[in-house]
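**Q** Quick one, model33.tsv (TSV, C-alpha atoms and all ligand atoms):
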chain	number	residue	atom	x	y	z
A	1	MET	CA	-1.84	25.97	-44.90
A	2	ALA	CA	1.89	25.38	-44.48
A	3	GLU	CA	3.05	21.76	-44.49
A	4	ALA	CA	4.30	20.78	-41.05
A	5	ARG	CA	7.19	18.34	-40.58
A	6	TRP	CA	5.99	16.65	-37.45
A	7	SER	CA	7.24	13.35	-36.11
A	8	GLY	CA	6.14	11.20	-33.19
A	9	GLU	CA	2.64	10.53	-31.92
A	10	GLN	CA	0.07	12.83	-33.47
A	11	ARG	CA	-3.54	13.75	-33.04
A	12	CYS	CA	-6.04	15.47	-35.32
A	13	ILE	CA	-7.60	18.53	-33.74
A	14	SER	CA	-10.19	21.07	-34.86
A	15	LEU	CA	-9.38	24.72	-34.37
A	16	ARG	CA	-11.14	27.88	-35.37
A	17	VAL	CA	-8.38	30.39	-36.08
A	18	ASN	CA	-9.17	34.00	-36.90
A	19	GLY	CA	-12.69	32.98	-37.87
A	20	ARG	CA	-11.75	30.04	-40.11
A	21	SER	CA	-12.10	26.36	-39.21
A	22	HIS	CA	-9.12	24.04	-39.55
A	23	GLU	CA	-8.42	20.35	-39.03
A	24	VAL	CA	-4.77	19.97	-38.08
A	25	GLU	CA	-2.53	16.98	-37.33
A	26	VAL	CA	-0.40	17.94	-34.34
A	27	PRO	CA	2.12	16.14	-32.19
A	28	VAL	CA	0.57	15.40	-28.82
A	29	HIS	CA	3.39	17.32	-27.12
A	30	ALA	CA	3.31	20.41	-29.39
A	31	THR	CA	2.33	23.73	-27.91
A	32	LEU	CA	-0.30	25.91	-29.49
A	33	ALA	CA	2.40	28.49	-30.27
A	34	THR	CA	4.41	25.94	-32.23
A	35	VAL	CA	1.40	24.69	-34.15
A	36	LEU	CA	0.28	28.22	-35.04
A	37	ARG	CA	3.73	29.13	-36.29
A	38	ASP	CA	5.11	25.92	-37.78
A	39	GLY	CA	1.90	24.11	-38.64
A	40	MET	CA	-0.25	26.98	-39.85
A	41	GLY	CA	2.27	29.59	-40.94
A	42	LEU	CA	0.95	32.20	-38.52
A	43	THR	CA	4.35	33.53	-37.55
A	44	GLY	CA	3.00	36.78	-36.14
A	45	THR	CA	2.80	34.95	-32.83
A	46	LYS	CA	6.31	35.04	-31.39
A	47	ILE	CA	8.12	32.59	-29.14
A	48	ALA	CA	10.79	34.10	-26.91
A	49	CYS	CA	11.08	32.57	-23.44
A	50	ASP	CA	8.93	29.51	-24.27
A	51	GLN	CA	8.13	29.19	-20.56
A	52	ALA	CA	5.19	31.53	-19.90
A	53	ALA	CA	7.33	34.41	-18.68
A	54	CYS	CA	7.35	37.10	-21.38
A	55	GLY	CA	4.00	37.30	-23.19
A	56	ALA	CA	5.47	37.32	-26.70
A	57	CYS	CA	3.25	34.36	-27.63
A	58	THR	CA	-0.02	35.89	-26.36
A	59	VAL	CA	-3.10	34.92	-28.38
A	60	LEU	CA	-6.78	34.86	-27.54
A	61	LEU	CA	-8.40	31.52	-26.72
A	62	ASP	CA	-12.18	31.83	-26.74
A	63	GLY	CA	-11.64	35.57	-26.33
A	64	ARG	CA	-9.28	35.42	-23.35
A	65	SER	CA	-5.57	36.13	-23.57
A	66	ILE	CA	-3.28	33.19	-22.94
A	67	PHE	CA	0.39	32.37	-23.37
A	68	SER	CA	0.29	29.99	-26.30
A	69	CYS	CA	3.72	28.55	-25.42
A	70	HIS	CA	2.15	27.23	-22.25
A	71	LEU	CA	-0.80	25.36	-23.72
A	72	LEU	CA	-0.73	22.14	-25.68
A	73	ALA	CA	-2.35	22.51	-29.06
A	74	ALA	CA	-4.42	19.42	-28.27
A	75	GLN	CA	-5.92	21.32	-25.34
A	76	ALA	CA	-7.24	23.91	-27.78
A	77	HIS	CA	-9.24	21.28	-29.68
A	78	GLY	CA	-12.67	22.59	-30.57
A	79	ARG	CA	-11.87	26.12	-29.46
A	80	SER	CA	-11.49	29.50	-31.07
A	81	VAL	CA	-8.08	31.13	-31.40
A	82	GLU	CA	-7.30	34.70	-32.44
A	83	THR	CA	-3.84	35.78	-33.45
A	84	VAL	CA	-2.37	39.11	-34.48
A	85	GLU	CA	-2.98	38.17	-38.13
A	86	GLY	CA	-6.69	38.51	-37.44
A	87	LEU	CA	-6.53	42.15	-36.36
A	88	ALA	CA	-6.06	43.97	-39.65
A	89	ASP	CA	-8.91	44.26	-42.13
A	90	GLY	CA	-7.16	43.41	-45.39
A	91	ASP	CA	-4.58	46.11	-45.95
A	92	ALA	CA	-6.14	48.36	-43.32
A	93	LEU	CA	-4.36	48.15	-40.00
A	94	HIS	CA	-6.40	47.74	-36.85
A	95	PRO	CA	-6.61	51.15	-35.09
A	96	LEU	CA	-4.32	49.88	-32.34
A	97	GLN	CA	-1.74	48.76	-34.90
A	98	ALA	CA	-1.97	52.13	-36.63
A	99	ALA	CA	-1.49	53.88	-33.29
A	100	PHE	CA	1.61	51.79	-32.56
A	101	VAL	CA	3.07	52.91	-35.87
A	102	GLU	CA	2.06	56.54	-35.36
A	103	HIS	CA	3.51	56.69	-31.84
A	104	ASP	CA	6.66	54.72	-32.58
A	105	ALA	CA	5.59	52.14	-30.01
A	106	LEU	CA	8.06	49.49	-31.09
A	107	GLN	CA	11.71	49.02	-31.86
A	108	CYS	CA	12.42	45.40	-32.76
A	109	GLY	CA	8.68	44.63	-32.70
A	110	PHE	CA	9.11	41.22	-31.16
A	111	CYS	CA	6.77	41.95	-28.26
A	112	THR	CA	4.24	43.83	-30.39
A	113	PRO	CA	1.88	40.99	-31.44
A	114	GLY	CA	1.58	39.77	-27.87
A	115	MET	CA	1.08	43.29	-26.57
A	116	LEU	CA	-1.68	43.92	-29.10
A	117	MET	CA	-3.52	40.72	-28.27
A	118	ALA	CA	-3.30	41.35	-24.52
A	119	ILE	CA	-4.70	44.86	-25.08
A	120	VAL	CA	-7.55	43.60	-27.27
A	121	ALA	CA	-8.50	41.06	-24.58
A	122	ALA	CA	-8.53	43.80	-21.96
A	123	LEU	CA	-10.62	46.06	-24.18
A	124	ARG	CA	-13.20	43.30	-24.55
A	125	ALA	CA	-13.31	42.92	-20.79
A	126	HIS	CA	-13.49	46.62	-19.93
A	127	GLY	CA	-14.86	48.36	-23.01
A	128	THR	CA	-12.17	50.99	-22.72
A	129	LEU	CA	-8.90	51.26	-20.82
A	130	ASP	CA	-7.54	53.98	-18.58
A	131	ARG	CA	-3.83	54.14	-17.82
A	132	PRO	CA	-3.88	51.81	-14.77
A	133	GLN	CA	-6.05	49.28	-16.59
A	134	LEU	CA	-3.76	49.37	-19.59
A	135	ILE	CA	-0.63	48.93	-17.48
A	136	ALA	CA	-2.28	46.00	-15.72
A	137	ALA	CA	-3.31	44.52	-19.08
A	138	ILE	CA	0.27	44.45	-20.39
A	139	SER	CA	1.91	43.60	-17.08
A	140	GLY	CA	2.61	40.06	-18.33
A	141	ASN	CA	4.16	41.28	-21.58
A	142	LEU	CA	7.84	42.15	-21.53
A	143	CYS	CA	9.39	44.64	-23.94
A	144	ARG	CA	13.12	44.24	-23.99
A	145	CYS	CA	13.45	47.45	-26.00
A	146	GLY	CA	11.78	49.49	-23.27
A	147	ALA	CA	9.07	50.88	-25.53
A	148	TYR	CA	6.54	50.96	-22.70
A	149	PRO	CA	6.01	54.77	-22.59
A	150	HIS	CA	5.27	54.87	-26.31
A	151	ILE	CA	3.04	51.80	-26.09
A	152	VAL	CA	0.95	53.42	-23.35
A	153	GLU	CA	0.82	56.68	-25.28
A	154	ALA	CA	-0.28	54.87	-28.45
A	155	VAL	CA	-3.08	52.93	-26.79
A	156	LEU	CA	-4.43	55.86	-24.79
A	157	SER	CA	-4.47	57.96	-27.96
A	158	VAL	CA	-7.18	55.77	-29.48
A	159	MET	CA	-9.27	55.26	-26.35
A	160	SER	CA	-11.41	58.34	-26.87
A	161	GLY	CA	-12.44	57.50	-30.44
A	162	ALA	CA	-15.82	56.03	-31.32
A	163	ARG	CA	-14.31	53.13	-33.30
A	164	ASP	CA	-14.69	49.51	-32.30
A	165	LEU	CA	-11.24	48.51	-31.10
A	166	THR	CA	-11.94	44.92	-30.29
B	201	LIG	S1	7.16	32.82	-25.35
B	201	LIG	FE1	5.32	32.38	-24.29
B	201	LIG	S2	5.40	33.65	-22.55
B	201	LIG	FE2	7.35	33.92	-23.48
B	202	LIG	S1	9.84	46.50	-29.27
B	202	LIG	FE1	11.50	45.12	-28.99
B	202	LIG	S2	10.83	43.84	-27.39
B	202	LIG	FE2	9.30	45.37	-27.48
If you took the structure in this file and wrote it as structure tokens, what would it be?
Ligand code: FES
Ligand code: FES
**A**
Amino acid sequence: MAEARWSGEQRCISLRVNGRSHEVEVPVHATLATVLRDGMGLTGTKIACDQAACGACTVLLDGRSIFSCHLLAAQAHGRSVETVEGLADGDALHPLQAAFVEHDALQCGFCTPGMLMAIVAALRAHGTLDRPQLIAAISGNLCRCGAYPHIVEAVLSVMSGARDLT
């Protein structure tokens, strides 16, 4: 785990991240997004607005998508977190990641981790996604590059397969 350079009042919390248990010292005021990135080296989770407005920091908390910039890490104590780093199986991309590549569903890629995690959460809730469900699922995730048509195309392209996408 990366060495964090925290100062100020701290607290030790337990987190299960991508299936692995961790004990982490975190500042009481630090957000989950900051701790994932700066404390654990999981920089796939992005911080853009830092005020729960863009979805770049979306991760799963106990299976539900949340904006990790809007939750104190201490509030995640004892809970399970999934980040984009947990999607791939070794060198094999998750089918959704592969579809994003195949359909050119990103430009800068800054929104991509959050988009993927929001889509995975919706897939777990619905089993599969039709176009309206998909659009609703990513309605809290902004793409400044305007890649939305390709993102929708990519996700719908894998909906008919028999693979487990969650
Ligand atoms: S960085 Fe968290 S919602 Fe924008
Ligand atoms: S690909 Fe650049 S913000 Fe979405």
**Q** Quick one: which chain A residues come within 9 Å of ligand LIG 201 (chain B), and what is the nearest atom pair for each with the distance in Å to one decimal, counting all atoms listed in the file, rows ordered by chain and ascending number, as CSV?
**A**
residue,atom,partner,partner_atom,distance
A:Ala33,CA,B:LIG201,FE1,7.7
A:Thr45,CA,B:LIG201,S1,8.9
A:Lys46,CA,B:LIG201,S1,6.5
A:Ile47,CA,B:LIG201,S1,3.9
A:Ala48,CA,B:LIG201,S1,4.2
A:Cys49,CA,B:LIG201,FE2,4.0
A:Asp50,CA,B:LIG201,S1,3.9
A:Gln51,CA,B:LIG201,S2,5.6
A:Ala52,CA,B:LIG201,S2,3.4
A:Ala53,CA,B:LIG201,S2,4.4
A:Cys54,CA,B:LIG201,FE2,3.8
A:Gly55,CA,B:LIG201,S2,4.0
A:Ala56,CA,B:LIG201,S1,5.0
A:Cys57,CA,B:LIG201,FE1,4.4
A:Thr58,CA,B:LIG201,FE1,6.7
A:Ile66,CA,B:LIG201,S2,8.7
A:Phe67,CA,B:LIG201,FE1,5.0
A:Ser68,CA,B:LIG201,FE1,5.9
A:Cys69,CA,B:LIG201,FE1,4.3
A:His70,CA,B:LIG201,FE1,6.4
A:Gly114,CA,B:LIG201,S2,9.0
A:Gly140,CA,B:LIG201,S2,8.2
A:Asn141,CA,B:LIG201,S2,7.8
A:Leu142,CA,B:LIG201,FE2,8.5
**Q** For Pro149 in chain A, which residue among A:Thr166, A:His103, A:Ala137, A:Val26 is the nearest when counting only C-alpha atoms?
**A**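 Distance minimum relative to Pro149 in chain A lands on A:His103.
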**Q** My list of candidates is A:Val155, A:Leu165, A:Ile13, A:Leu93. Which is closest to Ala76 in chain A when distances are computed with all atoms listed in the file?
**A**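 Using all atoms listed in the file, the shortest distance to Ala76 in chain A belongs to A:Ile13.
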**Q** Between A:Gly63, A:Gly146, A:Pro132, A:Gly44, single out the one closest to ligand LIG 202 (chain B), counting only C-alpha atoms and all ligand atoms.
**A**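 Among the listed residues, A:Gly146 lies closest to ligand LIG 202 (chain B).
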**Q** Let me have all residues with an atom within 9 Å of ligand LIG 202 (chain B), counting all atoms listed in the file, laid out as a PDB file with C-alpha atoms, in the coordinates of the input.
**A**
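pocket09.pdb written:
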ATOM      1  CA  ALA A  56       5.470  37.320 -26.700  1.00  0.00           C
ATOM      2  CA  ALA A 105       5.590  52.140 -30.010  1.00  0.00           C
ATOM      3  CA  LEU A 106       8.060  49.490 -31.090  1.00  0.00           C
ATOM      4  CA  GLN A 107      11.710  49.020 -31.860  1.00  0.00           C
ATOM      5  CA  CYS A 108      12.420  45.400 -32.760  1.00  0.00           C
ATOM      6  CA  GLY A 109       8.680  44.630 -32.700  1.00  0.00           C
ATOM      7  CA  PHE A 110       9.110  41.220 -31.160  1.00  0.00           C
ATOM      8  CA  CYS A 111       6.770  41.950 -28.260  1.00  0.00           C
ATOM      9  CA  THR A 112       4.240  43.830 -30.390  1.00  0.00           C
ATOM     10  CA  MET A 115       1.080  43.290 -26.570  1.00  0.00           C
ATOM     11  CA  ASN A 141       4.160  41.280 -21.580  1.00  0.00           C
ATOM     12  CA  LEU A 142       7.840  42.150 -21.530  1.00  0.00           C
ATOM     13  CA  CYS A 143       9.390  44.640 -23.940  1.00  0.00           C
ATOM     14  CA  ARG A 144      13.120  44.240 -23.990  1.00  0.00           C
ATOM     15  CA  CYS A 145      13.450  47.450 -26.000  1.00  0.00           C
ATOM     16  CA  GLY A 146      11.780  49.490 -23.270  1.00  0.00           C
ATOM     17  CA  ALA A 147       9.070  50.880 -25.530  1.00  0.00           C
ATOM     18  CA  TYR A 148       6.540  50.960 -22.700  1.00  0.00           C
TER      19      TYR A 148
END
**Q** Please work out which residues fall within 8 Å of (-7.9, 31.9, -31.8), coordinates as given in the file, with only C-alpha atoms counting, and return them as a list in words.
**A** Leu15, Arg16, Val17, Asn18, Gly19, Val59, Leu60, Leu61, Asp62, Gly63, Arg79, Ser80, Val81, Glu82 and Thr83 of chain A
**Q** With all atoms listed in the file as the basis for distance, which of A:Ala121, A:Cys12, A:Leu32, A:Ala99 is at the shortest distance from Met159 in chain A?
**A**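 For Met159 in chain A, the nearest of the given residues is A:Ala99.
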**Q** Kindly give the distance, in Å, that separates CA of Leu72 in chain A and CA of Arg124 in chain A, rounded to a single decimal.
**A**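 One can read the CA of Leu72 in chain A to CA of Arg124 in chain A distance as 24.6 Å.
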**Q** For Glu102 in chain A, work out the shell of residues within 10 Å, counting all atoms listed in the file and skipping chain neighbours fewer than 5 positions away, then give it as an MDAnalysis selection string.
**A** chainID A and resid 96:97 150 154 157
**Q** Find the residues around Gly39 in chain A up to 12 Å (all atoms listed in the file counted), leave out those fewer than 3 positions away in its own chain, and share them as a ChimeraX atom specification.
**A** /A:1-6,22-27,30-36,42-43,73
**Q** One decimal, Å: what's the distance from CA of Ala88 in chain A over to CA of Ser65 in chain A, could you say?
**A**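 Going from CA of Ala88 in chain A over to CA of Ser65 in chain A covers 17.9 Å.
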**Q** Mind giving me the straight-line distance from CA of Ser21 in chain A to CA of Ile138 in chain A in Å, one decimal?
**A**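 Interatomic distance here is 28.9 Å.
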**Q** Which residue is closest to Leu87 in chain A? Choose from A:Leu116, A:Ala74, A:Val101, A:Ile135 and count only C-alpha atoms.
**A**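 Closest candidate: A:Leu116.
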**Q** Emit range 104-142 of chain A of the structure in the block as a file comprising N, CA and C atoms, as a PDB file, in the first residue's frame.
**A**
ATOM      1  N   ASP A 104     -14.748   2.917 -28.944  1.00  0.00           N
ATOM      2  CA  ASP A 104     -14.170   4.260 -28.840  1.00  0.00           C
ATOM      3  C   ASP A 104     -15.005   5.145 -27.909  1.00  0.00           C
ATOM      4  N   ALA A 105     -15.359   4.581 -26.751  1.00  0.00           N
ATOM      5  CA  ALA A 105     -16.305   5.241 -25.853  1.00  0.00           C
ATOM      6  C   ALA A 105     -15.621   6.175 -24.857  1.00  0.00           C
ATOM      7  N   LEU A 106     -14.464   6.678 -25.226  1.00  0.00           N
ATOM      8  CA  LEU A 106     -13.776   7.637 -24.363  1.00  0.00           C
ATOM      9  C   LEU A 106     -12.845   8.485 -25.205  1.00  0.00           C
ATOM     10  N   GLN A 107     -12.607   9.685 -24.707  1.00  0.00           N
ATOM     11  CA  GLN A 107     -11.569  10.525 -25.308  1.00  0.00           C
ATOM     12  C   GLN A 107     -10.474  10.734 -24.269  1.00  0.00           C
ATOM     13  N   CYS A 108     -10.709  11.621 -23.310  1.00  0.00           N
ATOM     14  CA  CYS A 108      -9.677  11.788 -22.270  1.00  0.00           C
ATOM     15  C   CYS A 108      -9.716  10.639 -21.266  1.00  0.00           C
ATOM     16  N   GLY A 109     -10.882  10.007 -21.106  1.00  0.00           N
ATOM     17  CA  GLY A 109     -11.011   8.870 -20.198  1.00  0.00           C
ATOM     18  C   GLY A 109     -11.236   9.236 -18.754  1.00  0.00           C
ATOM     19  N   PHE A 110     -11.337  10.517 -18.463  1.00  0.00           N
ATOM     20  CA  PHE A 110     -11.444  10.916 -17.062  1.00  0.00           C
ATOM     21  C   PHE A 110     -12.751  10.453 -16.437  1.00  0.00           C
ATOM     22  N   CYS A 111     -13.807  10.420 -17.214  1.00  0.00           N
ATOM     23  CA  CYS A 111     -15.112   9.996 -16.677  1.00  0.00           C
ATOM     24  C   CYS A 111     -15.267   8.489 -16.671  1.00  0.00           C
ATOM     25  N   THR A 112     -14.405   7.778 -17.387  1.00  0.00           N
ATOM     26  CA  THR A 112     -14.620   6.361 -17.669  1.00  0.00           C
ATOM     27  C   THR A 112     -14.718   5.476 -16.420  1.00  0.00           C
ATOM     28  N   PRO A 113     -13.814   5.599 -15.443  1.00  0.00           N
ATOM     29  CA  PRO A 113     -13.953   4.729 -14.261  1.00  0.00           C
ATOM     30  C   PRO A 113     -15.293   4.907 -13.562  1.00  0.00           C
ATOM     31  N   GLY A 114     -15.712   6.157 -13.406  1.00  0.00           N
ATOM     32  CA  GLY A 114     -16.988   6.413 -12.742  1.00  0.00           C
ATOM     33  C   GLY A 114     -18.154   5.888 -13.544  1.00  0.00           C
ATOM     34  N   MET A 115     -18.079   6.068 -14.864  1.00  0.00           N
ATOM     35  CA  MET A 115     -19.135   5.532 -15.741  1.00  0.00           C
ATOM     36  C   MET A 115     -19.234   4.024 -15.561  1.00  0.00           C
ATOM     37  N   LEU A 116     -18.104   3.357 -15.615  1.00  0.00           N
ATOM     38  CA  LEU A 116     -18.099   1.888 -15.524  1.00  0.00           C
ATOM     39  C   LEU A 116     -18.696   1.419 -14.199  1.00  0.00           C
ATOM     40  N   MET A 117     -18.332   2.076 -13.117  1.00  0.00           N
ATOM     41  CA  MET A 117     -18.831   1.632 -11.814  1.00  0.00           C
ATOM     42  C   MET A 117     -20.329   1.897 -11.686  1.00  0.00           C
ATOM     43  N   ALA A 118     -20.797   3.013 -12.230  1.00  0.00           N
ATOM     44  CA  ALA A 118     -22.236   3.294 -12.198  1.00  0.00           C
ATOM     45  C   ALA A 118     -22.994   2.245 -13.017  1.00  0.00           C
ATOM     46  N   ILE A 119     -22.421   1.834 -14.132  1.00  0.00           N
ATOM     47  CA  ILE A 119     -23.069   0.836 -14.993  1.00  0.00           C
ATOM     48  C   ILE A 119     -23.082  -0.536 -14.309  1.00  0.00           C
ATOM     49  N   VAL A 120     -21.983  -0.896 -13.675  1.00  0.00           N
ATOM     50  CA  VAL A 120     -21.942  -2.180 -12.960  1.00  0.00           C
ATOM     51  C   VAL A 120     -22.996  -2.211 -11.853  1.00  0.00           C
ATOM     52  N   ALA A 121     -23.131  -1.108 -11.125  1.00  0.00           N
ATOM     53  CA  ALA A 121     -24.143  -1.058 -10.056  1.00  0.00           C
ATOM     54  C   ALA A 121     -25.541  -1.240 -10.641  1.00  0.00           C
ATOM     55  N   ALA A 122     -25.799  -0.597 -11.766  1.00  0.00           N
ATOM     56  CA  ALA A 122     -27.116  -0.719 -12.387  1.00  0.00           C
ATOM     57  C   ALA A 122     -27.358  -2.134 -12.909  1.00  0.00           C
ATOM     58  N   LEU A 123     -26.313  -2.747 -13.420  1.00  0.00           N
ATOM     59  CA  LEU A 123     -26.451  -4.133 -13.899  1.00  0.00           C
ATOM     60  C   LEU A 123     -26.795  -5.073 -12.747  1.00  0.00           C
ATOM     61  N   ARG A 124     -26.186  -4.821 -11.593  1.00  0.00           N
ATOM     62  CA  ARG A 124     -26.500  -5.673 -10.436  1.00  0.00           C
ATOM     63  C   ARG A 124     -27.949  -5.476 -10.000  1.00  0.00           C
ATOM     64  N   ALA A 125     -28.441  -4.275 -10.163  1.00  0.00           N
ATOM     65  CA  ALA A 125     -29.822  -3.994  -9.748  1.00  0.00           C
ATOM     66  C   ALA A 125     -30.834  -4.548 -10.733  1.00  0.00           C
ATOM     67  N   HIS A 126     -30.499  -4.498 -12.036  1.00  0.00           N
ATOM     68  CA  HIS A 126     -31.490  -4.845 -13.065  1.00  0.00           C
ATOM     69  C   HIS A 126     -31.207  -6.148 -13.793  1.00  0.00           C
ATOM     70  N   GLY A 127     -30.001  -6.670 -13.674  1.00  0.00           N
ATOM     71  CA  GLY A 127     -29.661  -7.886 -14.417  1.00  0.00           C
ATOM     72  C   GLY A 127     -29.171  -7.586 -15.805  1.00  0.00           C
ATOM     73  N   THR A 128     -29.886  -6.736 -16.509  1.00  0.00           N
ATOM     74  CA  THR A 128     -29.465  -6.247 -17.818  1.00  0.00           C
ATOM     75  C   THR A 128     -29.974  -4.821 -17.929  1.00  0.00           C
ATOM     76  N   LEU A 129     -29.540  -4.109 -18.958  1.00  0.00           N
ATOM     77  CA  LEU A 129     -29.954  -2.710 -19.102  1.00  0.00           C
ATOM     78  C   LEU A 129     -30.447  -2.461 -20.515  1.00  0.00           C
ATOM     79  N   ASP A 130     -31.638  -1.853 -20.636  1.00  0.00           N
ATOM     80  CA  ASP A 130     -32.038  -1.354 -21.946  1.00  0.00           C
ATOM     81  C   ASP A 130     -31.585   0.102 -22.039  1.00  0.00           C
ATOM     82  N   ARG A 131     -31.829   0.717 -23.171  1.00  0.00           N
ATOM     83  CA  ARG A 131     -31.303   2.075 -23.370  1.00  0.00           C
ATOM     84  C   ARG A 131     -31.788   3.063 -22.295  1.00  0.00           C
ATOM     85  N   PRO A 132     -33.108   3.113 -22.001  1.00  0.00           N
ATOM     86  CA  PRO A 132     -33.530   4.070 -20.955  1.00  0.00           C
ATOM     87  C   PRO A 132     -32.909   3.772 -19.593  1.00  0.00           C
ATOM     88  N   GLN A 133     -32.798   2.502 -19.251  1.00  0.00           N
ATOM     89  CA  GLN A 133     -32.178   2.162 -17.956  1.00  0.00           C
ATOM     90  C   GLN A 133     -30.716   2.575 -17.925  1.00  0.00           C
ATOM     91  N   LEU A 134     -30.038   2.372 -19.038  1.00  0.00           N
ATOM     92  CA  LEU A 134     -28.630   2.749 -19.105  1.00  0.00           C
ATOM     93  C   LEU A 134     -28.466   4.257 -18.986  1.00  0.00           C
ATOM     94  N   ILE A 135     -29.296   4.988 -19.713  1.00  0.00           N
ATOM     95  CA  ILE A 135     -29.196   6.456 -19.662  1.00  0.00           C
ATOM     96  C   ILE A 135     -29.487   6.948 -18.246  1.00  0.00           C
ATOM     97  N   ALA A 136     -30.465   6.327 -17.595  1.00  0.00           N
ATOM     98  CA  ALA A 136     -30.747   6.701 -16.202  1.00  0.00           C
ATOM     99  C   ALA A 136     -29.560   6.367 -15.300  1.00  0.00           C
ATOM    100  N   ALA A 137     -28.931   5.226 -15.564  1.00  0.00           N
ATOM    101  CA  ALA A 137     -27.813   4.776 -14.716  1.00  0.00           C
ATOM    102  C   ALA A 137     -26.638   5.741 -14.757  1.00  0.00           C
ATOM    103  N   ILE A 138     -26.390   6.343 -15.913  1.00  0.00           N
ATOM    104  CA  ILE A 138     -25.236   7.247 -16.041  1.00  0.00           C
ATOM    105  C   ILE A 138     -25.648   8.719 -16.010  1.00  0.00           C
ATOM    106  N   SER A 139     -26.878   8.970 -15.575  1.00  0.00           N
ATOM    107  CA  SER A 139     -27.365  10.353 -15.588  1.00  0.00           C
ATOM    108  C   SER A 139     -26.605  11.241 -14.592  1.00  0.00           C
ATOM    109  N   GLY A 140     -25.956  10.636 -13.605  1.00  0.00           N
ATOM    110  CA  GLY A 140     -25.177  11.426 -12.655  1.00  0.00           C
ATOM    111  C   GLY A 140     -23.711  11.514 -13.017  1.00  0.00           C
ATOM    112  N   ASN A 141     -23.352  10.985 -14.185  1.00  0.00           N
ATOM    113  CA  ASN A 141     -21.943  10.945 -14.593  1.00  0.00           C
ATOM    114  C   ASN A 141     -21.753  11.844 -15.811  1.00  0.00           C
ATOM    115  N   LEU A 142     -20.976  12.883 -15.637  1.00  0.00           N
ATOM    116  CA  LEU A 142     -20.755  13.831 -16.732  1.00  0.00           C
ATOM    117  C   LEU A 142     -19.537  13.427 -17.559  1.00  0.00           C
TER     118      LEU A 142
END
